[in-house]
$ cat input_13.tsv   # TSV, C-alpha atoms and all ligand atoms
chain	number	residue	atom	x	y	z
A	67	MET	CA	8.54	25.64	21.47
A	68	THR	CA	4.86	24.68	21.30
A	69	THR	CA	4.03	22.19	24.02
A	70	THR	CA	0.26	21.94	23.87
A	71	LEU	CA	-2.01	21.93	20.92
A	72	SER	CA	-5.79	21.84	20.74
A	73	ILE	CA	-7.38	20.61	17.52
A	74	ARG	CA	-10.81	19.52	16.45
A	75	ARG	CA	-11.34	15.80	16.92
A	76	PRO	CA	-9.88	14.00	13.88
A	77	ASP	CA	-11.51	11.62	11.40
A	78	ASP	CA	-9.92	8.78	9.47
A	79	TRP	CA	-10.97	8.78	5.82
A	80	HIS	CA	-9.66	5.28	5.05
A	81	LEU	CA	-9.72	2.48	7.62
A	82	HIS	CA	-9.74	-1.33	7.68
A	83	LEU	CA	-11.47	-2.84	10.69
A	84	ARG	CA	-11.98	-6.41	9.39
A	85	ASP	CA	-14.46	-8.53	11.36
A	86	GLY	CA	-14.73	-10.85	14.36
A	87	ALA	CA	-11.70	-11.11	16.67
A	88	ILE	CA	-9.67	-8.50	14.78
A	89	LEU	CA	-12.54	-6.01	14.74
A	90	SER	CA	-12.99	-6.16	18.51
A	91	ALA	CA	-9.25	-5.81	19.09
A	92	VAL	CA	-8.52	-2.93	16.71
A	93	LEU	CA	-11.69	-0.84	16.94
A	94	PRO	CA	-10.79	0.77	20.30
A	95	GLU	CA	-7.45	1.87	18.85
A	96	THR	CA	-9.31	4.07	16.36
A	97	ALA	CA	-12.41	5.00	18.36
A	98	ARG	CA	-10.22	6.34	21.20
A	99	HIS	CA	-9.30	9.45	19.20
A	100	PHE	CA	-11.20	9.52	15.92
A	101	ALA	CA	-14.82	10.61	15.60
A	102	ARG	CA	-15.60	9.07	12.21
A	103	ALA	CA	-13.94	6.76	9.71
A	104	ILE	CA	-14.65	5.52	6.22
A	105	ILE	CA	-14.71	1.75	6.62
A	106	MET	CA	-13.22	-0.29	3.81
A	107	PRO	CA	-15.41	-3.05	2.37
A	108	ASN	CA	-12.68	-5.56	1.44
A	109	LEU	CA	-13.86	-8.26	3.79
A	110	ASP	CA	-13.82	-11.84	2.58
A	111	PRO	CA	-16.45	-12.01	1.10
A	112	PRO	CA	-16.67	-8.28	0.28
A	113	ILE	CA	-19.48	-5.86	1.20
A	114	LEU	CA	-21.52	-5.66	-2.00
A	115	THR	CA	-24.99	-4.50	-0.96
A	116	GLY	CA	-26.56	-1.92	1.30
A	117	GLU	CA	-27.95	-4.72	3.43
A	118	GLN	CA	-24.47	-6.16	3.96
A	119	ALA	CA	-23.10	-2.69	4.77
A	120	VAL	CA	-25.80	-2.17	7.40
A	121	ALA	CA	-25.14	-5.59	8.96
A	122	TYR	CA	-21.40	-4.81	9.07
A	123	ARG	CA	-22.11	-1.39	10.59
A	124	GLU	CA	-24.15	-3.13	13.30
A	125	ARG	CA	-21.25	-5.49	14.05
A	126	ILE	CA	-18.94	-2.48	14.34
A	127	ARG	CA	-21.35	-0.63	16.62
A	128	ALA	CA	-21.80	-3.74	18.75
A	129	ALA	CA	-18.01	-3.93	19.20
A	130	LEU	CA	-17.77	-0.30	20.41
A	131	ALA	CA	-17.23	0.47	24.07
A	132	LYS	CA	-20.39	1.59	25.85
A	133	GLY	CA	-21.02	5.28	25.35
A	134	SER	CA	-18.69	5.63	22.36
A	135	ASP	CA	-20.07	7.93	19.67
A	136	PHE	CA	-17.64	6.74	16.98
A	137	GLU	CA	-19.37	6.81	13.61
A	138	PRO	CA	-18.50	4.23	10.94
A	139	LEU	CA	-19.14	5.53	7.41
A	140	MET	CA	-19.82	2.52	5.26
A	141	THR	CA	-18.71	1.73	1.73
A	142	LEU	CA	-19.70	-0.72	-0.96
A	143	TYR	CA	-17.13	-2.68	-2.88
A	144	LEU	CA	-17.55	-1.74	-6.53
A	145	THR	CA	-17.56	-4.62	-9.01
A	146	GLU	CA	-18.38	-4.92	-12.69
A	147	ASN	CA	-21.78	-6.24	-11.58
A	148	THR	CA	-22.69	-3.49	-9.10
A	149	ASP	CA	-26.28	-2.41	-9.74
A	150	PRO	CA	-26.65	1.39	-10.05
A	151	ASN	CA	-30.19	1.18	-8.63
A	152	GLU	CA	-28.96	-0.62	-5.52
A	153	VAL	CA	-26.29	2.04	-5.05
A	154	ALA	CA	-28.81	4.87	-5.34
A	155	ARG	CA	-31.25	3.09	-3.02
A	156	ALA	CA	-28.59	2.35	-0.39
A	157	LYS	CA	-27.45	5.98	-0.42
A	158	ARG	CA	-31.02	7.32	-0.12
A	159	ASN	CA	-31.59	5.07	2.89
A	160	GLY	CA	-28.42	6.18	4.65
A	161	GLU	CA	-26.91	2.71	4.38
A	162	ILE	CA	-23.70	3.79	2.65
A	163	PHE	CA	-21.41	6.78	2.41
A	164	ALA	CA	-19.20	5.97	-0.59
A	165	LEU	CA	-18.10	3.29	-3.02
A	166	LYS	CA	-14.64	1.79	-3.17
A	167	LEU	CA	-12.92	0.97	-6.43
A	168	TYR	CA	-10.29	-1.77	-6.33
A	169	PRO	CA	-8.65	-2.75	-9.58
A	170	ALA	CA	-8.87	-6.57	-9.61
A	171	ASN	CA	-6.04	-8.15	-7.60
A	172	ALA	CA	-4.42	-4.83	-6.71
A	173	THR	CA	-4.28	-5.58	-2.99
A	174	THR	CA	-5.65	-7.60	-0.05
A	175	ASN	CA	-9.06	-9.16	-0.84
A	176	SER	CA	-9.45	-7.44	-4.20
A	177	ALA	CA	-10.11	-10.47	-6.41
A	178	SER	CA	-13.65	-9.24	-7.13
A	179	GLY	CA	-12.37	-5.84	-8.20
A	180	VAL	CA	-12.73	-4.22	-11.58
A	181	ARG	CA	-10.91	-5.47	-14.71
A	182	ASP	CA	-12.73	-3.56	-17.44
A	183	PHE	CA	-13.31	0.02	-16.27
A	184	SER	CA	-15.82	0.74	-19.04
A	185	LYS	CA	-18.17	-1.68	-17.30
A	186	ILE	CA	-18.63	0.65	-14.31
A	187	ASP	CA	-19.65	3.74	-16.30
A	188	ALA	CA	-23.37	3.36	-15.50
A	189	VAL	CA	-22.69	3.13	-11.75
A	190	LEU	CA	-20.33	6.09	-11.89
A	191	GLU	CA	-22.99	8.13	-13.68
A	192	THR	CA	-25.52	7.30	-10.97
A	193	MET	CA	-22.95	8.23	-8.32
A	194	SER	CA	-22.26	11.58	-10.02
A	195	GLU	CA	-25.97	12.36	-10.06
A	196	ALA	CA	-26.52	11.27	-6.47
A	197	GLY	CA	-23.34	12.93	-5.17
A	198	ILE	CA	-21.83	9.66	-3.94
A	199	PRO	CA	-18.04	9.82	-3.63
A	200	LEU	CA	-15.75	7.25	-5.23
A	201	CYS	CA	-12.77	6.13	-3.14
A	202	VAL	CA	-10.06	4.79	-5.38
A	203	HIS	CA	-7.20	2.36	-4.89
A	204	GLY	CA	-5.03	3.90	-7.59
A	205	GLU	CA	-2.78	1.17	-8.92
A	206	VAL	CA	-2.82	-0.81	-12.15
A	207	THR	CA	-2.03	-4.49	-11.85
A	208	ASP	CA	-0.76	-5.21	-15.36
A	209	ASP	CA	2.21	-7.60	-15.24
A	210	ASP	CA	4.21	-5.36	-17.53
A	211	VAL	CA	4.03	-2.41	-15.13
A	212	ASP	CA	6.71	-2.21	-12.45
A	213	ILE	CA	5.26	-2.17	-8.94
A	214	PHE	CA	6.87	1.23	-8.25
A	215	ASP	CA	5.14	2.73	-11.31
A	216	ARG	CA	1.67	1.38	-10.70
A	217	GLU	CA	0.19	4.54	-9.23
A	218	ALA	CA	1.50	6.86	-11.93
A	219	VAL	CA	0.33	4.52	-14.69
A	220	PHE	CA	-3.08	4.20	-13.05
A	221	ILE	CA	-3.54	7.97	-13.08
A	222	ASP	CA	-2.71	8.06	-16.75
A	223	ARG	CA	-4.53	4.97	-18.02
A	224	VAL	CA	-7.51	4.68	-15.68
A	225	LEU	CA	-8.19	7.65	-13.42
A	226	ASP	CA	-7.84	10.45	-15.90
A	227	PRO	CA	-10.14	8.78	-18.49
A	228	ILE	CA	-12.73	8.08	-15.75
A	229	ARG	CA	-12.64	11.71	-14.63
A	230	ARG	CA	-13.02	12.92	-18.20
A	231	ARG	CA	-16.05	10.68	-18.70
A	232	HIS	CA	-17.53	11.71	-15.32
A	233	PRO	CA	-16.42	15.27	-14.59
A	234	GLU	CA	-18.99	15.75	-11.81
A	235	LEU	CA	-17.98	12.60	-9.91
A	236	LYS	CA	-16.37	13.26	-6.53
A	237	VAL	CA	-13.20	11.16	-6.39
A	238	THR	CA	-10.67	10.51	-3.64
A	239	LEU	CA	-7.37	9.12	-4.82
A	240	GLU	CA	-6.52	7.19	-1.70
A	241	HIS	CA	-3.21	6.58	0.06
A	242	ILE	CA	-1.15	8.46	-2.53
A	243	THR	CA	2.56	7.69	-2.64
A	244	THR	CA	4.11	9.77	-5.42
A	245	GLN	CA	4.96	13.29	-6.48
A	246	THR	CA	3.03	12.43	-9.67
A	247	ALA	CA	-0.16	11.94	-7.64
A	248	VAL	CA	0.39	15.14	-5.64
A	249	ASP	CA	0.84	17.13	-8.86
A	250	TYR	CA	-2.14	15.49	-10.54
A	251	VAL	CA	-4.44	16.22	-7.61
A	252	ASN	CA	-3.20	19.80	-7.27
A	253	ALA	CA	-3.88	20.45	-10.95
A	254	ALA	CA	-7.38	18.93	-10.92
A	255	THR	CA	-10.79	20.45	-10.20
A	256	THR	CA	-12.22	20.53	-6.69
A	257	LYS	CA	-13.96	17.21	-7.46
A	258	LEU	CA	-10.67	15.39	-6.86
A	259	ALA	CA	-8.86	15.08	-3.54
A	260	ALA	CA	-6.31	12.70	-2.06
A	261	SER	CA	-5.80	10.94	1.22
A	262	ILE	CA	-2.35	10.30	2.67
A	263	THR	CA	-1.42	7.65	5.23
A	264	VAL	CA	0.77	8.07	8.28
A	265	HIS	CA	3.26	5.41	7.21
A	266	HIS	CA	3.89	6.93	3.78
A	267	LEU	CA	4.95	10.14	5.53
A	268	VAL	CA	7.50	8.15	7.53
A	269	ILE	CA	9.01	5.36	5.43
A	270	ASN	CA	10.54	5.14	1.98
A	271	ARG	CA	11.45	2.01	0.04
A	272	ASN	CA	14.86	1.80	1.66
A	273	ASP	CA	13.20	1.36	5.04
A	274	LEU	CA	11.32	-1.58	3.54
A	275	LEU	CA	14.16	-3.21	1.65
A	276	ALA	CA	17.64	-1.82	2.26
A	277	SER	CA	18.65	-3.33	5.59
A	278	GLY	CA	16.87	-6.65	5.49
A	279	ILE	CA	13.31	-7.08	4.27
A	280	ARG	CA	10.86	-5.55	6.75
A	281	PRO	CA	7.50	-7.22	6.28
A	282	HIS	CA	5.71	-4.83	8.63
A	283	TYR	CA	6.59	-1.97	6.27
A	284	TYR	CA	5.11	-3.81	3.30
A	285	CYS	CA	1.88	-2.19	2.19
A	286	LEU	CA	0.17	-1.26	-1.05
A	287	PRO	CA	0.72	1.08	-2.71
A	288	ILE	CA	4.32	0.22	-1.89
A	289	ALA	CA	6.51	2.92	-0.31
A	290	LYS	CA	8.48	4.77	-2.98
A	291	ARG	CA	11.77	6.71	-3.21
A	292	GLU	CA	12.68	9.37	-0.66
A	293	GLU	CA	11.82	12.22	-3.03
A	294	HIS	CA	8.24	10.97	-3.10
A	295	ARG	CA	8.02	10.72	0.67
A	296	LEU	CA	9.19	14.32	0.86
A	297	ALA	CA	6.54	15.37	-1.69
A	298	LEU	CA	3.85	13.72	0.45
A	299	ARG	CA	5.11	15.48	3.56
A	300	LYS	CA	4.98	18.77	1.77
A	301	ALA	CA	1.45	18.15	0.52
A	302	ALA	CA	0.17	16.99	3.91
A	303	THR	CA	1.72	19.80	5.93
A	304	ALA	CA	0.88	22.68	3.58
A	305	GLY	CA	-2.69	22.85	4.89
A	306	ALA	CA	-4.06	22.78	1.33
A	307	SER	CA	-7.65	21.59	1.28
A	308	LYS	CA	-7.18	18.75	-1.22
A	309	PHE	CA	-5.11	16.55	1.10
A	310	PHE	CA	-6.34	14.83	4.23
A	311	LEU	CA	-5.66	11.88	6.49
A	312	GLY	CA	-6.71	8.36	5.53
A	313	THR	CA	-4.56	6.07	7.68
A	314	ASP	CA	-5.23	2.89	5.70
A	315	SER	CA	-4.54	1.21	9.02
A	316	ALA	CA	-4.73	-2.40	7.87
A	317	PRO	CA	-4.37	-5.08	10.55
A	318	HIS	CA	-2.98	-8.50	9.65
A	319	PHE	CA	-1.85	-11.22	12.03
A	320	ASP	CA	1.91	-11.46	12.40
A	321	ASP	CA	2.00	-14.93	10.87
A	322	GLY	CA	0.42	-13.52	7.73
A	323	LYS	CA	2.95	-10.67	7.55
A	324	GLU	CA	6.04	-12.69	8.51
A	325	HIS	CA	5.47	-15.27	5.81
A	326	PRO	CA	7.16	-16.36	2.55
A	327	CYS	CA	4.32	-14.58	0.76
A	328	GLY	CA	3.53	-11.87	3.29
A	329	CYS	CA	0.37	-9.79	3.03
A	330	ALA	CA	0.26	-6.04	2.49
A	331	GLY	CA	-0.84	-3.57	5.15
A	332	CYS	CA	0.56	-1.47	8.00
A	333	PHE	CA	-1.35	-1.23	11.27
A	334	THR	CA	-1.09	2.38	12.45
A	335	ALA	CA	-4.32	3.08	14.36
A	336	THR	CA	-2.59	2.87	17.75
A	337	ASN	CA	0.03	5.57	17.23
A	338	ALA	CA	-1.23	7.40	14.13
A	339	LEU	CA	-1.86	10.76	15.79
A	340	ALA	CA	1.31	10.75	17.89
A	341	ILE	CA	3.33	10.04	14.73
A	342	LEU	CA	1.51	12.73	12.76
A	343	ALA	CA	2.14	15.34	15.42
A	344	GLN	CA	5.83	14.40	15.34
A	345	VAL	CA	5.94	14.67	11.54
A	346	PHE	CA	4.18	18.04	11.55
A	347	GLU	CA	6.54	19.27	14.25
A	348	GLN	CA	9.54	18.16	12.17
A	349	GLU	CA	8.10	20.08	9.24
A	350	ASP	CA	7.50	23.12	11.46
A	351	ALA	CA	3.81	22.88	10.57
A	352	LEU	CA	1.97	22.04	13.79
A	353	ASP	CA	-0.43	24.86	12.96
A	354	LYS	CA	-1.50	22.84	9.87
A	355	LEU	CA	-2.14	19.55	11.66
A	356	GLU	CA	-5.82	20.27	12.24
A	357	PHE	CA	-6.42	20.91	8.56
A	358	PHE	CA	-4.98	17.54	7.65
A	359	THR	CA	-6.63	15.49	10.40
A	360	SER	CA	-9.90	17.29	11.05
A	361	ARG	CA	-10.94	19.93	8.53
A	362	ASN	CA	-9.99	19.15	4.93
A	363	GLY	CA	-11.69	15.75	4.89
A	364	PRO	CA	-15.11	16.90	6.13
A	365	SER	CA	-14.95	19.90	3.85
A	366	PHE	CA	-14.31	17.71	0.78
A	367	TYR	CA	-17.02	15.23	1.74
A	368	GLY	CA	-19.56	17.96	2.55
A	369	LEU	CA	-19.74	17.15	6.28
A	370	SER	CA	-19.37	19.41	9.29
A	371	PRO	CA	-16.06	19.25	11.08
A	372	ASN	CA	-16.26	17.74	14.55
A	373	GLN	CA	-17.14	20.22	17.26
A	374	GLU	CA	-15.28	18.49	20.10
A	375	ARG	CA	-11.56	19.05	20.47
A	376	ILE	CA	-8.61	16.98	21.58
A	377	THR	CA	-5.50	18.25	23.27
A	378	LEU	CA	-2.01	17.14	22.37
A	379	THR	CA	0.73	17.69	24.91
A	380	ARG	CA	4.46	17.43	24.30
A	381	ALA	CA	6.17	15.58	27.15
A	382	ASP	CA	8.35	12.52	27.79
A	383	ALA	CA	8.48	9.86	25.08
A	384	VAL	CA	5.10	8.25	24.46
A	385	ALA	CA	4.79	4.58	25.41
A	386	TYR	CA	2.55	2.48	23.17
A	387	PRO	CA	2.21	-1.28	22.76
A	388	ARG	CA	4.38	-2.93	20.11
A	389	LYS	CA	1.68	-5.50	19.51
A	390	ILE	CA	-2.09	-5.75	19.84
A	391	ASP	CA	-3.32	-9.09	21.16
A	392	THR	CA	-6.41	-10.68	19.71
A	393	GLN	CA	-8.04	-14.02	20.46
A	394	GLU	CA	-6.58	-15.36	17.22
A	395	GLY	CA	-3.10	-13.89	17.08
A	396	GLN	CA	-0.98	-10.77	17.43
A	397	ILE	CA	-0.91	-7.66	15.26
A	398	THR	CA	2.26	-5.59	15.12
A	399	VAL	CA	1.85	-1.86	15.59
A	400	PHE	CA	3.67	0.28	13.00
A	401	ASN	CA	7.15	1.24	14.23
A	402	PRO	CA	7.99	4.79	13.11
A	403	ASN	CA	11.60	4.26	14.18
A	404	MET	CA	11.73	7.52	16.08
A	405	PRO	CA	10.70	8.59	19.56
A	406	LEU	CA	7.26	10.21	19.78
A	407	TYR	CA	6.63	13.00	22.23
A	408	TRP	CA	3.03	14.04	21.62
A	409	HIS	CA	0.47	12.64	24.06
A	410	ILE	CA	-3.21	12.79	23.19
A	411	ASP	CA	-5.72	13.43	25.97
B	501	LIG	C1	-4.99	-3.13	2.67
B	501	LIG	C2	-5.56	-4.33	3.42
B	501	LIG	O1	-4.78	-5.04	4.07
B	501	LIG	O2	-6.77	-4.53	3.37
B	501	LIG	N1	-3.58	-3.34	2.50
B	501	LIG	C3	-2.66	-2.37	2.23
B	501	LIG	O3	-1.49	-2.73	1.99
B	501	LIG	N2	-2.96	-1.10	2.23
B	501	LIG	C4	-5.72	-2.94	1.39
B	501	LIG	C5	-5.42	-1.65	0.71
B	501	LIG	O4	-5.91	-0.59	1.11
B	501	LIG	O5	-4.67	-1.67	-0.28
B	502	ZN	ZN	-6.71	0.30	2.49

$ encode --input "input_13.tsv" --output "structure tokens" --more "lines below"
Ligand code: NCD
Ligand code: ZN
Amino acid sequence: MTTTLSIRRPDDWHLHLRDGAILSAVLPETARHFARAIIMPNLDPPILTGEQAVAYRERIRAALAKGSDFEPLMTLYLTENTDPNEVARAKRNGEIFALKLYPANATTNSASGVRDFSKIDAVLETMSEAGIPLCVHGEVTDDDVDIFDREAVFIDRVLDPIRRRHPELKVTLEHITTQTAVDYVNAATTKLAASITVHHLVINRNDLLASGIRPHYYCLPIAKREEHRLALRKAATAGASKFFLGTDSAPHFDDGKEHPCGCAGCFTATNALAILAQVFEQEDALDKLEFFTSRNGPSFYGLSPNQERITLTRADAVAYPRKIDTQEGQITVFNPNMPLYWHID
């Protein structure tokens, strides 16, 4: 049995760091192992301009431990009023890496998201020309669409038309949760890729709902049936270049999660890599882990993979905190409900 594994240092292609007390508490959990991360702009208020992205990047850098070389890759929150010139300018000046598309009200802090997708065509054209990637939260929010169907309907009604109108646009369908999404991405051109979270490789909707409601497993897109979880595991562990890690680690205080109207998001930064190694071992695919965590993402985004390496060692069960303390409350760490044996040096 393999007991040590050396891989290039991983990156996280979808991460929520928030601001203030949460930022300082959760940033070390990611910066410990990951070299770079795409930072989500759904703060309240959202990051709408290059200037705001730069100020947020400074707050992140200021919260890093001394000597850390963690690199936050900043995003703008795309709205119907986003100015294509501002996007092009911010990209030219190195202020931003990508734009994030939230359908209005699809998830946490998405009220300023897009309602009428025809209104973003000019920005998307500018992004195609400037080679700026679009990160997509792929769910419709129409009341008549069942929550478990929202991703599949989004692909059909929104994503596919956008890609037909902008065939050169580089698009990441983020945190995919269905076989439908896996198939759609596999069938598409190299301009489309998908990120997969750690938690969607571990839980299905029964884990969320079948033995009492588990608010810490509630995230968006919501976990689906077992057959979909298995499709995601297959996609992630195959090594195929279109699928890479985006943890969507999304910290919320416990009182916001354990609430009559609990908020969506799983916090996985603390044990993400140990869980992934376990999942890849279960799938007999440890040799593919590096592709998923460290190679496919940079290759899609046109970046060099990290040169440094990390070593994973299989030993006694890994101990990790169940909660992260912040000055303003506690954040529960995702519970994979299985022992983890891979230690990361
Ligand atoms: C994210 C958050 O809390 O910001 N929540 C989640 O359930 N994933 C937003 C998001 O990525 O949808
Ligand atoms: Zn997210």

$ atom_distance --input "input_13.tsv" --atom1 "CA of Phe357 (chain A)" --atom2 "CA of His294 (chain A)"
21.2 Å

$ closest_atom_pairs --input "input_13.tsv" --of "chain A" --to "ligand LIG 501 (chain B)" --cutoff "7 Å" --atoms "only C-alpha atoms and all ligand atoms" --output "JSON lines"
{"residue": "A:His82", "atom": "CA", "partner": "B:LIG501", "partner_atom": "O2", "distance": 6.1}
{"residue": "A:Asn108", "atom": "CA", "partner": "B:LIG501", "partner_atom": "O2", "distance": 6.3}
{"residue": "A:Thr173", "atom": "CA", "partner": "B:LIG501", "partner_atom": "O5", "distance": 4.8}
{"residue": "A:Thr174", "atom": "CA", "partner": "B:LIG501", "partner_atom": "O2", "distance": 4.7}
{"residue": "A:Asn175", "atom": "CA", "partner": "B:LIG501", "partner_atom": "O2", "distance": 6.7}
{"residue": "A:His203", "atom": "CA", "partner": "B:LIG501", "partner_atom": "O5", "distance": 6.6}
{"residue": "A:Tyr284", "atom": "CA", "partner": "B:LIG501", "partner_atom": "O3", "distance": 6.8}
{"residue": "A:Cys285", "atom": "CA", "partner": "B:LIG501", "partner_atom": "O3", "distance": 3.4}
{"residue": "A:Leu286", "atom": "CA", "partner": "B:LIG501", "partner_atom": "O3", "distance": 3.8}
{"residue": "A:Pro287", "atom": "CA", "partner": "B:LIG501", "partner_atom": "O3", "distance": 6.4}
{"residue": "A:Asp314", "atom": "CA", "partner": "B:LIG501", "partner_atom": "N2", "distance": 5.8}
{"residue": "A:Ala316", "atom": "CA", "partner": "B:LIG501", "partner_atom": "O1", "distance": 4.6}
{"residue": "A:Pro317", "atom": "CA", "partner": "B:LIG501", "partner_atom": "O1", "distance": 6.5}
{"residue": "A:His318", "atom": "CA", "partner": "B:LIG501", "partner_atom": "O1", "distance": 6.8}
{"residue": "A:Ala330", "atom": "CA", "partner": "B:LIG501", "partner_atom": "O3", "distance": 3.8}
{"residue": "A:Gly331", "atom": "CA", "partner": "B:LIG501", "partner_atom": "O3", "distance": 3.3}
{"residue": "A:Cys332", "atom": "CA", "partner": "B:LIG501", "partner_atom": "O3", "distance": 6.5}

$ write_last_selection --input "input_13.tsv" --atoms "C-alpha atoms" --output "PDB file, in the frame of the given file"
ATOM      1  CA  HIS A  82      -9.740  -1.330   7.680  1.00  0.00           C
ATOM      2  CA  ASN A 108     -12.680  -5.560   1.440  1.00  0.00           C
ATOM      3  CA  THR A 173      -4.280  -5.580  -2.990  1.00  0.00           C
ATOM      4  CA  THR A 174      -5.650  -7.600  -0.050  1.00  0.00           C
ATOM      5  CA  ASN A 175      -9.060  -9.160  -0.840  1.00  0.00           C
ATOM      6  CA  HIS A 203      -7.200   2.360  -4.890  1.00  0.00           C
ATOM      7  CA  TYR A 284       5.110  -3.810   3.300  1.00  0.00           C
ATOM      8  CA  CYS A 285       1.880  -2.190   2.190  1.00  0.00           C
ATOM      9  CA  LEU A 286       0.170  -1.260  -1.050  1.00  0.00           C
ATOM     10  CA  PRO A 287       0.720   1.080  -2.710  1.00  0.00           C
ATOM     11  CA  ASP A 314      -5.230   2.890   5.700  1.00  0.00           C
ATOM     12  CA  ALA A 316      -4.730  -2.400   7.870  1.00  0.00           C
ATOM     13  CA  PRO A 317      -4.370  -5.080  10.550  1.00  0.00           C
ATOM     14  CA  HIS A 318      -2.980  -8.500   9.650  1.00  0.00           C
ATOM     15  CA  ALA A 330       0.260  -6.040   2.490  1.00  0.00           C
ATOM     16  CA  GLY A 331      -0.840  -3.570   5.150  1.00  0.00           C
ATOM     17  CA  CYS A 332       0.560  -1.470   8.000  1.00  0.00           C
TER      18      CYS A 332
END

$ closest_residue --input "input_13.tsv" --among "A:Asn252, A:Ala304, A:Thr392, A:Ile269" --to "Asp350 (chain A)" --atoms "only C-alpha atoms"
A:Ala304

$ closest_residue --input "input_13.tsv" --among "A:Leu352, A:Leu339, A:Val251, A:Leu83" --to "ligand ZN 502 (chain B)" --atoms "only C-alpha atoms and all ligand atoms"
A:Leu83

$ closest_residue --input "input_13.tsv" --among "A:Thr263, A:Thr70, A:Thr148, A:Thr244" --to "ligand ZN 502 (chain B)" --atoms "all atoms listed in the file"
A:Thr263

$ atom_distance --input "input_13.tsv" --atom1 "CA of Leu144 (chain A)" --atom2 "CA of Ser184 (chain A)"
12.9 Å

$ closest_residue --input "input_13.tsv" --among "A:Lys157, A:Arg102, A:Arg231, A:Arg216" --to "Pro364 (chain A)" --atoms "all atoms listed in the file"
A:Arg102

$ closest_residue --input "input_13.tsv" --among "A:Gly328, A:Pro169, A:Pro402, A:Pro107" --to "Val268 (chain A)" --atoms "only C-alpha atoms"
A:Pro402

$ residues_near_point --input "input_13.tsv" --point "(-2.7, 21.4, 6.5)" --cutoff "8 Å" --atoms "all atoms listed in the file" --output "list of chain:residue names"
A:Ala301, A:Ala302, A:Thr303, A:Ala304, A:Gly305, A:Ala306, A:Ser307, A:Phe309, A:Phe310, A:Ala351, A:Asp353, A:Lys354, A:Leu355, A:Glu356, A:Phe357, A:Phe358, A:Asn362

$ residues_around --input "input_13.tsv" --residues "region 126-130 of chain A" --least-positions-apart "3" --cutoff "9 Å" --atoms "only C-alpha atoms" --output "short mmCIF file (atom, residue, chain, number, x, y, z; two decimals) with C-alpha atoms, keeping the file's coordinate frame"
data_model
loop_
_atom_site.label_atom_id
_atom_site.label_comp_id
_atom_site.auth_asym_id
_atom_site.auth_seq_id
_atom_site.Cartn_x
_atom_site.Cartn_y
_atom_site.Cartn_z
CA LEU A 83 -11.47 -2.84 10.69
CA ASP A 85 -14.46 -8.53 11.36
CA LEU A 89 -12.54 -6.01 14.74
CA SER A 90 -12.99 -6.16 18.51
CA ALA A 91 -9.25 -5.81 19.09
CA LEU A 93 -11.69 -0.84 16.94
CA PRO A 94 -10.79 0.77 20.30
CA ALA A 97 -12.41 5.00 18.36
CA ALA A 121 -25.14 -5.59 8.96
CA TYR A 122 -21.40 -4.81 9.07
CA ARG A 123 -22.11 -1.39 10.59
CA GLY A 133 -21.02 5.28 25.35
CA SER A 134 -18.69 5.63 22.36
CA ASP A 135 -20.07 7.93 19.67
CA PHE A 136 -17.64 6.74 16.98
CA GLU A 137 -19.37 6.81 13.61
CA PRO A 138 -18.50 4.23 10.94
#

$ closest_residue --input "input_13.tsv" --among "A:Asp212, A:Glu240, A:Glu374, A:Glu205" --to "ligand ZN 502 (chain B)" --atoms "only C-alpha atoms and all ligand atoms"
A:Glu240

$ residues_around --input "input_13.tsv" --residues "region 67-69 of chain A" --least-positions-apart "2" --cutoff "9 Å" --atoms "all atoms listed in the file" --output "list in words"
Leu71, Leu352, Leu378, Thr379, Arg380, Ala381 and Trp408 of chain A

$ residues_around --input "input_13.tsv" --residues "Ala170 (chain A)" --least-positions-apart "4" --cutoff "8 Å" --atoms "all atoms listed in the file" --output "list in words"
Ser176, Ala177, Ser178, Gly179, Val180, Arg181 and Thr207 of chain A

$ write_last_selection --input "input_13.tsv" --atoms "C-alpha atoms" --output "compact mmCIF listing (two decimals), keeping the file's coordinate frame"
# COMPACT_ATOMS: atom_id res chain seq x y z
CA SER A 176 -9.45 -7.44 -4.20
CA ALA A 177 -10.11 -10.47 -6.41
CA SER A 178 -13.65 -9.24 -7.13
CA GLY A 179 -12.37 -5.84 -8.20
CA VAL A 180 -12.73 -4.22 -11.58
CA ARG A 181 -10.91 -5.47 -14.71
CA THR A 207 -2.03 -4.49 -11.85

$ atom_distance --input "input_13.tsv" --atom1 "CA of Ser360 (chain A)" --atom2 "CA of Arg74 (chain A)"
5.9 Å

$ residues_around --input "input_13.tsv" --residues "Pro387 (chain A)" --least-positions-apart "2" --cutoff "9 Å" --atoms "only C-alpha atoms" --output "VMD selection string"
chain A and resid 336 385 389 to 390 398 to 399

$ residues_around --input "input_13.tsv" --residues "Thr238 (chain A)" --least-positions-apart "5" --cutoff "10 Å" --atoms "all atoms listed in the file" --output "number ranges by chain"
A: 79, 166, 199-204, 251, 257-261, 308-310, 366-367
